[in-house]
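J.: Got a file for you: coords.pdb, PDB, C-alpha atoms and all ligand atoms.
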ATOM      1  CA  MET B  59    -167.050 -77.757 -17.212
ATOM      2  CA  GLU B  60    -169.152 -76.714 -20.196
ATOM      3  CA  LEU B  61    -171.495 -78.624 -22.481
ATOM      4  CA  PHE B  62    -169.990 -80.238 -25.572
ATOM      5  CA  ASP B  63    -172.030 -79.274 -28.625
ATOM      6  CA  ASP B  64    -172.661 -82.550 -30.462
ATOM      7  CA  SER B  65    -175.653 -81.260 -32.444
ATOM      8  CA  GLU B  66    -173.747 -81.369 -35.745
ATOM      9  CA  VAL B  67    -172.290 -84.837 -35.204
ATOM     10  CA  ARG B  68    -173.329 -87.244 -37.951
ATOM     11  CA  ARG B  69    -170.916 -90.141 -37.755
ATOM     12  CA  VAL B  70    -168.803 -91.379 -34.861
ATOM     13  CA  LEU B  71    -165.875 -93.774 -34.578
ATOM     14  CA  ALA B  72    -165.101 -95.062 -31.100
ATOM     15  CA  VAL B  73    -161.594 -96.508 -30.663
ATOM     16  CA  ALA B  74    -160.970 -98.433 -27.450
ATOM     17  CA  ALA B  75    -158.046-100.495 -26.202
ATOM     18  CA  HIS B  76    -160.159-103.226 -24.606
ATOM     19  CA  PRO B  77    -163.663-104.641 -24.510
ATOM     20  CA  ASP B  78    -165.477-102.789 -21.678
ATOM     21  CA  ASP B  79    -163.488 -99.525 -21.990
ATOM     22  CA  MET B  80    -166.417 -97.736 -23.658
ATOM     23  CA  GLU B  81    -168.833 -99.106 -21.070
ATOM     24  CA  TYR B  82    -167.531 -97.070 -18.121
ATOM     25  CA  GLY B  83    -169.539 -94.036 -19.204
ATOM     26  CA  GLY B  84    -168.857 -93.580 -22.912
ATOM     27  CA  SER B  85    -171.613 -95.908 -24.014
ATOM     28  CA  ALA B  86    -174.180 -93.589 -22.425
ATOM     29  CA  ALA B  87    -173.227 -90.923 -24.984
ATOM     30  CA  VAL B  88    -173.214 -93.536 -27.736
ATOM     31  CA  ALA B  89    -176.764 -94.538 -26.832
ATOM     32  CA  ALA B  90    -177.856 -90.905 -27.026
ATOM     33  CA  TRP B  91    -176.295 -90.560 -30.479
ATOM     34  CA  THR B  92    -177.708 -93.763 -31.957
ATOM     35  CA  ALA B  93    -181.143 -92.872 -30.569
ATOM     36  CA  ARG B  94    -181.187 -89.820 -32.829
ATOM     37  CA  GLY B  95    -179.855 -91.644 -35.869
ATOM     38  CA  VAL B  96    -176.129 -90.978 -35.618
ATOM     39  CA  GLN B  97    -174.079 -93.865 -37.033
ATOM     40  CA  VAL B  98    -171.577 -95.128 -34.468
ATOM     41  CA  SER B  99    -168.844 -97.674 -35.216
ATOM     42  CA  TYR B 100    -166.493 -99.321 -32.713
ATOM     43  CA  ALA B 101    -162.897-100.387 -33.295
ATOM     44  CA  LEU B 102    -161.396-102.463 -30.473
ATOM     45  CA  VAL B 103    -157.606-102.499 -30.567
ATOM     46  CA  THR B 104    -157.358-105.738 -28.565
ATOM     47  CA  SER B 105    -159.808-108.456 -27.604
ATOM     48  CA  GLY B 106    -159.038-108.024 -23.913
ATOM     49  CA  GLU B 107    -157.686-111.523 -23.751
ATOM     50  CA  ALA B 108    -155.249-110.730 -20.900
ATOM     51  CA  GLY B 109    -157.962-109.226 -18.720
ATOM     52  CA  MET B 110    -159.142-112.246 -16.741
ATOM     53  CA  ASP B 111    -156.574-113.637 -14.319
ATOM     54  CA  SER B 112    -158.325-116.995 -13.962
ATOM     55  CA  VAL B 113    -158.936-117.550 -17.693
ATOM     56  CA  ALA B 114    -156.209-118.154 -20.285
ATOM     57  CA  PRO B 115    -156.081-115.694 -23.217
ATOM     58  CA  ALA B 116    -157.126-118.217 -25.880
ATOM     59  CA  GLU B 117    -160.351-118.775 -23.999
ATOM     60  CA  ALA B 118    -160.865-115.256 -22.654
ATOM     61  CA  GLY B 119    -160.542-113.468 -26.001
ATOM     62  CA  PRO B 120    -163.625-114.988 -27.649
ATOM     63  CA  VAL B 121    -165.633-114.556 -24.422
ATOM     64  CA  ARG B 122    -164.753-110.892 -24.245
ATOM     65  CA  GLU B 123    -165.458-110.322 -27.944
ATOM     66  CA  ALA B 124    -168.896-111.868 -27.513
ATOM     67  CA  GLU B 125    -169.580-109.702 -24.462
ATOM     68  CA  GLN B 126    -168.500-106.608 -26.415
ATOM     69  CA  ARG B 127    -170.996-107.468 -29.173
ATOM     70  CA  LEU B 128    -173.757-107.635 -26.565
ATOM     71  CA  ALA B 129    -172.578-104.361 -25.027
ATOM     72  CA  CYS B 130    -172.700-102.700 -28.440
ATOM     73  CA  ALA B 131    -176.178-104.071 -29.120
ATOM     74  CA  ALA B 132    -177.383-102.506 -25.853
ATOM     75  CA  VAL B 133    -176.566 -99.028 -27.199
ATOM     76  CA  GLY B 134    -177.561 -99.470 -30.846
ATOM     77  CA  VAL B 135    -174.153-100.298 -32.353
ATOM     78  CA  THR B 136    -173.736-103.115 -34.869
ATOM     79  CA  ASP B 137    -170.504-102.082 -36.626
ATOM     80  CA  LEU B 138    -167.763-103.522 -34.413
ATOM     81  CA  VAL B 139    -164.274-104.588 -35.496
ATOM     82  CA  PHE B 140    -161.370-106.079 -33.523
ATOM     83  CA  LEU B 141    -157.946-104.958 -34.695
ATOM     84  CA  GLY B 142    -156.091-107.916 -33.160
ATOM     85  CA  PHE B 143    -153.296-106.246 -31.174
ATOM     86  CA  ASP B 144    -151.971-108.120 -28.124
ATOM     87  CA  ASP B 145    -153.737-107.133 -24.920
ATOM     88  CA  GLY B 146    -151.438-105.597 -22.337
ATOM     89  CA  THR B 147    -148.507-104.873 -24.633
ATOM     90  CA  VAL B 148    -149.970-102.378 -27.126
ATOM     91  CA  GLU B 149    -147.354 -99.936 -28.391
ATOM     92  CA  GLN B 150    -147.890 -96.470 -29.771
ATOM     93  CA  GLY B 151    -146.194 -96.979 -33.101
ATOM     94  CA  LEU B 152    -146.802 -97.107 -36.805
ATOM     95  CA  PRO B 153    -148.663-100.449 -36.895
ATOM     96  CA  LEU B 154    -151.239 -99.081 -34.444
ATOM     97  CA  ARG B 155    -151.513 -95.704 -36.195
ATOM     98  CA  ARG B 156    -151.903 -97.505 -39.520
ATOM     99  CA  ALA B 157    -154.675 -99.748 -38.231
ATOM    100  CA  ILE B 158    -156.600 -96.858 -36.663
ATOM    101  CA  ALA B 159    -156.138 -94.630 -39.730
ATOM    102  CA  ALA B 160    -157.675 -97.394 -41.848
ATOM    103  CA  GLN B 161    -160.725 -97.412 -39.583
ATOM    104  CA  VAL B 162    -161.024 -93.624 -39.822
ATOM    105  CA  ARG B 163    -160.874 -93.878 -43.618
ATOM    106  CA  ARG B 164    -163.434 -96.691 -43.635
ATOM    107  CA  VAL B 165    -165.943 -95.111 -41.254
ATOM    108  CA  GLN B 166    -165.419 -91.446 -42.288
ATOM    109  CA  PRO B 167    -166.408 -89.978 -38.909
ATOM    110  CA  ASP B 168    -166.662 -86.304 -37.978
ATOM    111  CA  LEU B 169    -166.171 -87.241 -34.317
ATOM    112  CA  VAL B 170    -163.730 -89.790 -32.929
ATOM    113  CA  VAL B 171    -164.005 -90.838 -29.293
ATOM    114  CA  THR B 172    -161.476 -92.751 -27.272
ATOM    115  CA  GLY B 173    -160.609 -93.369 -23.648
ATOM    116  CA  ALA B 174    -158.620 -91.141 -21.338
ATOM    117  CA  PHE B 175    -154.908 -91.506 -22.050
ATOM    118  CA  ARG B 176    -153.183 -89.234 -19.537
ATOM    119  CA  ASP B 177    -150.784 -90.940 -17.150
ATOM    120  CA  THR B 178    -153.367 -90.875 -14.378
ATOM    121  CA  TRP B 179    -157.127 -91.079 -13.998
ATOM    122  CA  PRO B 180    -158.991 -88.372 -12.079
ATOM    123  CA  GLY B 181    -157.898 -88.717  -8.464
ATOM    124  CA  GLY B 182    -154.326 -89.562  -9.369
ATOM    125  CA  TYR B 183    -154.827 -93.277 -10.002
ATOM    126  CA  LEU B 184    -152.332 -94.678 -12.486
ATOM    127  CA  ASN B 185    -153.695 -95.266 -15.988
ATOM    128  CA  GLN B 186    -152.792 -98.374 -17.975
ATOM    129  CA  SER B 187    -150.210 -98.610 -20.738
ATOM    130  CA  ASP B 188    -152.559 -99.780 -23.520
ATOM    131  CA  HIS B 189    -154.908 -96.842 -22.865
ATOM    132  CA  VAL B 190    -152.040 -94.356 -23.107
ATOM    133  CA  ALA B 191    -150.721 -95.898 -26.329
ATOM    134  CA  VAL B 192    -154.132 -96.071 -27.987
ATOM    135  CA  GLY B 193    -155.163 -92.528 -27.107
ATOM    136  CA  ARG B 194    -151.939 -91.034 -28.435
ATOM    137  CA  ALA B 195    -152.207 -93.115 -31.600
ATOM    138  CA  VAL B 196    -155.812 -92.020 -32.141
ATOM    139  CA  LEU B 197    -154.787 -88.363 -32.190
ATOM    140  CA  ASP B 198    -152.122 -89.081 -34.798
ATOM    141  CA  ALA B 199    -154.214 -91.456 -36.900
ATOM    142  CA  ALA B 200    -157.172 -89.071 -37.049
ATOM    143  CA  ARG B 201    -154.878 -86.658 -38.860
ATOM    144  CA  ASP B 202    -152.944 -89.299 -40.864
ATOM    145  CA  ALA B 203    -156.217 -90.497 -42.396
ATOM    146  CA  GLY B 204    -156.570 -87.244 -44.308
ATOM    147  CA  ASN B 205    -153.156 -87.379 -45.942
ATOM    148  CA  ARG B 206    -153.136 -89.489 -49.091
ATOM    149  CA  TRP B 207    -149.359 -89.926 -48.882
ATOM    150  CA  ILE B 208    -149.457 -91.555 -45.438
ATOM    151  CA  PHE B 209    -150.288 -95.275 -45.315
ATOM    152  CA  ARG B 210    -150.870 -94.953 -49.036
ATOM    153  CA  GLU B 211    -151.192 -98.723 -49.511
ATOM    154  CA  GLN B 212    -154.665 -98.337 -47.979
ATOM    155  CA  LEU B 213    -155.705 -96.258 -50.985
ATOM    156  CA  THR B 214    -154.542 -98.714 -53.640
ATOM    157  CA  THR B 215    -157.330-100.681 -55.220
ATOM    158  CA  GLY B 216    -156.517-104.354 -55.417
ATOM    159  CA  GLN B 217    -154.202-104.366 -52.379
ATOM    160  CA  PRO B 218    -155.339-106.290 -49.286
ATOM    161  CA  GLY B 219    -157.022-103.657 -47.122
ATOM    162  CA  GLY B 220    -156.822-101.196 -50.005
ATOM    163  CA  GLY B 221    -159.499 -99.265 -51.818
ATOM    164  CA  LEU B 222    -160.013 -96.650 -49.114
ATOM    165  CA  GLU B 223    -160.106 -92.886 -49.686
ATOM    166  CA  PRO B 224    -158.334 -90.202 -47.633
ATOM    167  CA  TRP B 225    -160.648 -88.793 -44.959
ATOM    168  CA  ASN B 226    -159.930 -85.374 -43.510
ATOM    169  CA  GLY B 227    -163.384 -84.859 -42.031
ATOM    170  CA  VAL B 228    -162.555 -85.506 -38.380
ATOM    171  CA  ARG B 229    -163.383 -82.289 -36.547
ATOM    172  CA  THR B 230    -162.943 -83.423 -32.969
ATOM    173  CA  VAL B 231    -161.420 -86.196 -30.868
ATOM    174  CA  LEU B 232    -162.869 -86.693 -27.384
ATOM    175  CA  ALA B 233    -160.901 -88.461 -24.643
ATOM    176  CA  LEU B 234    -163.661 -89.674 -22.355
ATOM    177  CA  GLY B 235    -163.193 -89.511 -18.605
ATOM    178  CA  SER B 236    -159.919 -87.616 -18.839
ATOM    179  CA  PRO B 237    -158.586 -85.891 -15.721
ATOM    180  CA  ASP B 238    -158.214 -82.846 -18.003
ATOM    181  CA  SER B 239    -161.868 -82.878 -19.059
ATOM    182  CA  THR B 240    -163.280 -79.455 -19.893
ATOM    183  CA  HIS B 241    -166.579 -80.506 -21.486
ATOM    184  CA  ALA B 242    -169.454 -82.882 -20.814
ATOM    185  CA  ILE B 243    -172.313 -84.566 -22.632
ATOM    186  CA  VAL B 244    -175.587 -84.928 -20.708
ATOM    187  CA  VAL B 245    -176.812 -88.538 -20.661
ATOM    188  CA  ASP B 246    -179.798 -88.423 -18.314
ATOM    189  CA  ASP B 247    -181.947 -90.349 -20.817
ATOM    190  CA  THR B 248    -179.504 -93.147 -21.521
ATOM    191  CA  PHE B 249    -178.200 -94.070 -18.083
ATOM    192  CA  GLY B 250    -180.167 -97.327 -18.176
ATOM    193  CA  ALA B 251    -178.733 -98.297 -21.566
ATOM    194  CA  ALA B 252    -175.244 -97.606 -20.249
ATOM    195  CA  VAL B 253    -175.868 -99.893 -17.263
ATOM    196  CA  ALA B 254    -177.102-102.635 -19.622
ATOM    197  CA  SER B 255    -174.015-102.249 -21.801
ATOM    198  CA  LEU B 256    -171.648-102.636 -18.842
ATOM    199  CA  GLU B 257    -173.656-105.569 -17.462
ATOM    200  CA  ALA B 258    -173.106-107.270 -20.840
ATOM    201  CA  HIS B 259    -169.502-107.860 -19.716
ATOM    202  CA  ALA B 260    -170.827-110.411 -17.246
ATOM    203  CA  ALA B 261    -168.009-112.967 -17.275
ATOM    204  CA  TYR B 262    -165.410-110.212 -17.134
ATOM    205  CA  LEU B 263    -167.062-108.396 -14.219
ATOM    206  CA  ALA B 264    -167.474-111.681 -12.350
ATOM    207  CA  ALA B 265    -163.726-112.278 -12.689
ATOM    208  CA  LEU B 266    -162.827-108.783 -11.423
ATOM    209  CA  GLY B 267    -161.724-108.314  -7.825
ATOM    210  CA  ASP B 268    -164.069-110.128  -5.456
ATOM    211  CA  GLY B 269    -166.674-110.572  -8.203
ATOM    212  CA  THR B 270    -169.205-108.189  -6.693
ATOM    213  CA  THR B 271    -168.747-105.209  -9.038
ATOM    214  CA  GLN B 272    -172.155-103.722  -9.780
ATOM    215  CA  ALA B 273    -172.483-101.912 -13.101
ATOM    216  CA  ARG B 274    -175.089 -99.496 -11.784
ATOM    217  CA  ASP B 275    -172.924 -98.449  -8.842
ATOM    218  CA  VAL B 276    -169.902 -97.915 -11.076
ATOM    219  CA  LEU B 277    -171.853 -95.708 -13.480
ATOM    220  CA  GLU B 278    -173.546 -93.814 -10.661
ATOM    221  CA  GLY B 279    -170.050 -92.857  -9.611
ATOM    222  CA  VAL B 280    -168.711 -91.948 -13.055
ATOM    223  CA  LEU B 281    -171.721 -90.319 -14.717
ATOM    224  CA  GLY B 282    -173.255 -89.079 -11.469
ATOM    225  CA  GLY B 283    -170.008 -87.303 -10.685
ATOM    226  CA  ALA B 284    -169.898 -85.324 -13.931
ATOM    227  CA  GLY B 285    -173.625 -84.607 -14.270
ATOM    228  CA  PRO B 286    -174.037 -81.975 -11.531
ATOM    229  CA  GLN B 287    -171.110 -80.021 -12.994
ATOM    230  CA  VAL B 288    -173.303 -79.198 -16.007
ATOM    231  CA  GLY B 289    -176.646 -79.023 -14.226
ATOM    232  CA  ALA B 290    -177.713 -82.566 -15.033
ATOM    233  CA  ARG B 291    -177.975 -85.817 -13.128
ATOM    234  CA  TYR B 292    -175.663 -87.784 -15.415
ATOM    235  CA  ALA B 293    -172.995 -86.683 -17.882
ATOM    236  CA  VAL B 294    -169.922 -88.003 -19.683
ATOM    237  CA  ALA B 295    -166.859 -85.813 -19.128
ATOM    238  CA  ALA B 296    -164.350 -85.381 -21.936
ATOM    239  CA  GLU B 297    -161.105 -83.727 -22.897
ATOM    240  CA  VAL B 298    -161.563 -82.090 -26.306
ATOM    241  CA  PHE B 299    -159.068 -82.036 -29.193
ATOM    242  CA  ARG B 300    -160.131 -79.955 -32.192
ATOM    243  CA  PHE B 301    -158.750 -80.280 -35.704
TER     244      PHE B 301
HETATM  245 ZN    ZN B 401    -159.079-100.869 -20.776
END
Turn the structure described in the file into structure tokens.
T.:
Amino acid sequence: MELFDDSEVRRVLAVAAHPDDMEYGGSAAVAAWTARGVQVSYALVTSGEAGMDSVAPAEAGPVREAEQRLACAAVGVTDLVFLGFDDGTVEQGLPLRRAIAAQVRRVQPDLVVTGAFRDTWPGGYLNQSDHVAVGRAVLDAARDAGNRWIFREQLTTGQPGGGLEPWNGVRTVLALGSPDSTHAIVVDDTFGAAVASLEAHAAYLAALGDGTTQARDVLEGVLGGAGPQVGARYAVAAEVFRF
């Protein structure tokens, strides 16, 4: 594991399948970036409306969106959009690529971060279908955004969703928490902010398992596991894709 050099990063787009995905470690890096003036925007592919077994989607979606806004506020993020795909049945296809490419063109990031999208998590635990679809689509969309002939309706002034410019400035995509992580970002100073951001998903965490999930314990495990590999207490591990 080596350190990821984020010193040149100026603008970041985070693309996540569900509310809370960024809060299992990624938000610690986000807090470090916003603290030094880096603009960070979030695009949530779904509203996580299928994530609470005891709460119907129509009710859960708005709750989870509100919790995501609080989670973003905890790490200095105010630009948050929900792309409106159906939670649990996200497909890696053109509609998803198109929607993510539009966000890349809108935000104009040099760094895009997303969740791990390999079939398994570290330790061999099965990943979830939406995560796999979103991660694959992010890699494609980050490149599509730079080609003016792909999703060209987004570039047409006067069209709904139009008026964007091609953006070929993405240098790197990070898949956070990947089992194939080779790099890490030290987050010793923002561990507390990361805990606050995960605790913002209060209704969701209360509905998980036996309802006793503690944000601090979860992040001690995730960030505390990667930190010592780069000589720190806490770090976010990432698989790196360079353009
Ligand atoms: Zn998720």
J.: CA of Asp79 (chain B) and CA of Leu152 (chain B) are how many Å apart?
T.: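 About the pair CA of Asp79 (chain B) and CA of Leu152 (chain B): they are 22.4 Å apart.
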J.: Taking all atoms listed in the file and a cut-off of 9 Å, can you tell me which residues surround ligand ZN 401 (chain B), written as an mmCIF file with C-alpha atoms, keeping the file's coordinate frame?
T.:
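pocket.cif was written with the following content:
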data_model
loop_
_atom_site.group_PDB
_atom_site.id
_atom_site.type_symbol
_atom_site.label_atom_id
_atom_site.label_comp_id
_atom_site.auth_asym_id
_atom_site.auth_seq_id
_atom_site.Cartn_x
_atom_site.Cartn_y
_atom_site.Cartn_z
ATOM 1 C CA ALA B 74 -160.970 -98.433 -27.450
ATOM 2 C CA ALA B 75 -158.046 -100.495 -26.202
ATOM 3 C CA HIS B 76 -160.159 -103.226 -24.606
ATOM 4 C CA PRO B 77 -163.663 -104.641 -24.510
ATOM 5 C CA ASP B 78 -165.477 -102.789 -21.678
ATOM 6 C CA ASP B 79 -163.488 -99.525 -21.990
ATOM 7 C CA MET B 80 -166.417 -97.736 -23.658
ATOM 8 C CA GLY B 106 -159.038 -108.024 -23.913
ATOM 9 C CA GLY B 109 -157.962 -109.226 -18.720
ATOM 10 C CA GLY B 173 -160.609 -93.369 -23.648
ATOM 11 C CA GLN B 186 -152.792 -98.374 -17.975
ATOM 12 C CA ASP B 188 -152.559 -99.780 -23.520
ATOM 13 C CA HIS B 189 -154.908 -96.842 -22.865
#
J.: Tell me which residues the PyMOL selection byres (((chain B and resi 258) around 10) and not hetatm) grabs here, as a list in words.
T.: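 With the shown file as input, the PyMOL selection byres (((chain B and resi 258) around 10) and not hetatm) matches Asp78, Glu81, Arg122, Ala124, Glu125, Gln126, Arg127, Leu128, Ala129, Cys130, Ala131, Ala132, Ala252, Val253, Ala254, Ser255, Leu256, Glu257, His259, Ala260, Ala261, Tyr262, Leu263 and Ala273 of chain B.
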J.: Save out the residues we just selected, C-alpha atoms, as a PDB file, keeping the file's coordinate frame.
T.:
ATOM      1  CA  ASP B  78    -165.477-102.789 -21.678  1.00  0.00           C
ATOM      2  CA  GLU B  81    -168.833 -99.106 -21.070  1.00  0.00           C
ATOM      3  CA  ARG B 122    -164.753-110.892 -24.245  1.00  0.00           C
ATOM      4  CA  ALA B 124    -168.896-111.868 -27.513  1.00  0.00           C
ATOM      5  CA  GLU B 125    -169.580-109.702 -24.462  1.00  0.00           C
ATOM      6  CA  GLN B 126    -168.500-106.608 -26.415  1.00  0.00           C
ATOM      7  CA  ARG B 127    -170.996-107.468 -29.173  1.00  0.00           C
ATOM      8  CA  LEU B 128    -173.757-107.635 -26.565  1.00  0.00           C
ATOM      9  CA  ALA B 129    -172.578-104.361 -25.027  1.00  0.00           C
ATOM     10  CA  CYS B 130    -172.700-102.700 -28.440  1.00  0.00           C
ATOM     11  CA  ALA B 131    -176.178-104.071 -29.120  1.00  0.00           C
ATOM     12  CA  ALA B 132    -177.383-102.506 -25.853  1.00  0.00           C
ATOM     13  CA  ALA B 252    -175.244 -97.606 -20.249  1.00  0.00           C
ATOM     14  CA  VAL B 253    -175.868 -99.893 -17.263  1.00  0.00           C
ATOM     15  CA  ALA B 254    -177.102-102.635 -19.622  1.00  0.00           C
ATOM     16  CA  SER B 255    -174.015-102.249 -21.801  1.00  0.00           C
ATOM     17  CA  LEU B 256    -171.648-102.636 -18.842  1.00  0.00           C
ATOM     18  CA  GLU B 257    -173.656-105.569 -17.462  1.00  0.00           C
ATOM     19  CA  HIS B 259    -169.502-107.860 -19.716  1.00  0.00           C
ATOM     20  CA  ALA B 260    -170.827-110.411 -17.246  1.00  0.00           C
ATOM     21  CA  ALA B 261    -168.009-112.967 -17.275  1.00  0.00           C
ATOM     22  CA  TYR B 262    -165.410-110.212 -17.134  1.00  0.00           C
ATOM     23  CA  LEU B 263    -167.062-108.396 -14.219  1.00  0.00           C
ATOM     24  CA  ALA B 273    -172.483-101.912 -13.101  1.00  0.00           C
TER      25      ALA B 273
END
J.: What would the selection look like, as a list in words, if the PyMOL selection byres (((chain B and resi 296) around 8) and not hetatm) were run on the coordinates I just shared?
T.: Leu232, Ala233, Leu234, Gly235, Ser236, Asp238, Ser239, Thr240, His241, Ala242, Val294, Ala295, Glu297 and Val298 of chain B
J.: Please expand the PyMOL selection byres (((chain B and resi 223) around 7) and not hetatm) into the concrete residues it hits in this file, giving the result as a VMD selection string.
T.: chain B and resid 163 213 221 to 222 224 to 225
J.: May I have the residues within 7 Å of region 141-143 of chain B as a count of residues only, using all atoms listed in the file and disregarding those fewer than 5 positions away in the same chain?
T.: 6
J.: Restricting the calculation to only C-alpha atoms: of B:Val171, B:Val228, B:Ala160, B:Ala86, which residue gets closest to Val280 (chain B)?
T.: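 For Val280 (chain B), the nearest of the candidates is B:Ala86.
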J.: I'd like to know which of B:Val73, B:Asp246, B:Ala265, B:Leu277 is closest to Val113 (chain B), using all atoms listed in the file.
T.: B:Ala265
J.: Which residue out of B:Val231, B:Val133, B:Ala159, B:Ala264 has the minimum interatomic distance to Arg206 (chain B) when all atoms listed in the file are used?
T.: B:Ala159
J.: Calculate how many Å separate CA of Ala203 (chain B) from CA of Val96 (chain B), rounding to one decimal.
T.: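 We find that CA of Ala203 (chain B) and CA of Val96 (chain B) lie 21.0 Å from each other.
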J.: When you draw a straight line from CA of Ser99 (chain B) to CA of Val139 (chain B), how long is it in Å?
T.: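 Going from CA of Ser99 (chain B) over to CA of Val139 (chain B), I get 8.3 Å.
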J.: Env of Arg69 (chain B): 8 Å cut, atoms = only C-alpha atoms, seq-sep filter 2 positions within chain, self excluded. Answer as a PyMOL selection string.
T.: chain B and resi 67+71+96-98+165-169
J.: Skipping near chain neighbours, those fewer than 3 positions away, what residues fall within 12 Å of Asp275 (chain B) using only C-alpha atoms, listed as a list of chain:residue names?
T.: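 Returned residues: B:Tyr82, B:Gly83, B:Phe249, B:Gly250, B:Ala252, B:Val253, B:Leu256, B:Glu257, B:Thr270, B:Thr271, B:Gln272, B:Glu278, B:Gly279, B:Val280, B:Leu281, B:Gly282, B:Gly283.
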J.: Given the selection you just returned, output its residues as a file containing C-alpha atoms, formatted as a compact mmCIF listing (two decimals), in the coordinates of the input.
T.:
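Saved to part_37.txt:
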# COMPACT_ATOMS: atom_id res chain seq x y z
CA TYR B 82 -167.53 -97.07 -18.12
CA GLY B 83 -169.54 -94.04 -19.20
CA PHE B 249 -178.20 -94.07 -18.08
CA GLY B 250 -180.17 -97.33 -18.18
CA ALA B 252 -175.24 -97.61 -20.25
CA VAL B 253 -175.87 -99.89 -17.26
CA LEU B 256 -171.65 -102.64 -18.84
CA GLU B 257 -173.66 -105.57 -17.46
CA THR B 270 -169.20 -108.19 -6.69
CA THR B 271 -168.75 -105.21 -9.04
CA GLN B 272 -172.16 -103.72 -9.78
CA GLU B 278 -173.55 -93.81 -10.66
CA GLY B 279 -170.05 -92.86 -9.61
CA VAL B 280 -168.71 -91.95 -13.06
CA LEU B 281 -171.72 -90.32 -14.72
CA GLY B 282 -173.26 -89.08 -11.47
CA GLY B 283 -170.01 -87.30 -10.68
J.: So which one's closest to Ile158 (chain B), B:Ser65, B:Gln212, B:Gln287, B:Ser112? Using all atoms listed in the file, please.
T.: B:Gln212
J.: Pick from B:Val135, B:Val288, B:Ala118, B:Val70: nearest to Arg164 (chain B), with all atoms listed in the file counted?
T.: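 Of B:Val135, B:Val288, B:Ala118, B:Val70, the one nearest Arg164 (chain B) is B:Val70, counting all atoms listed in the file.
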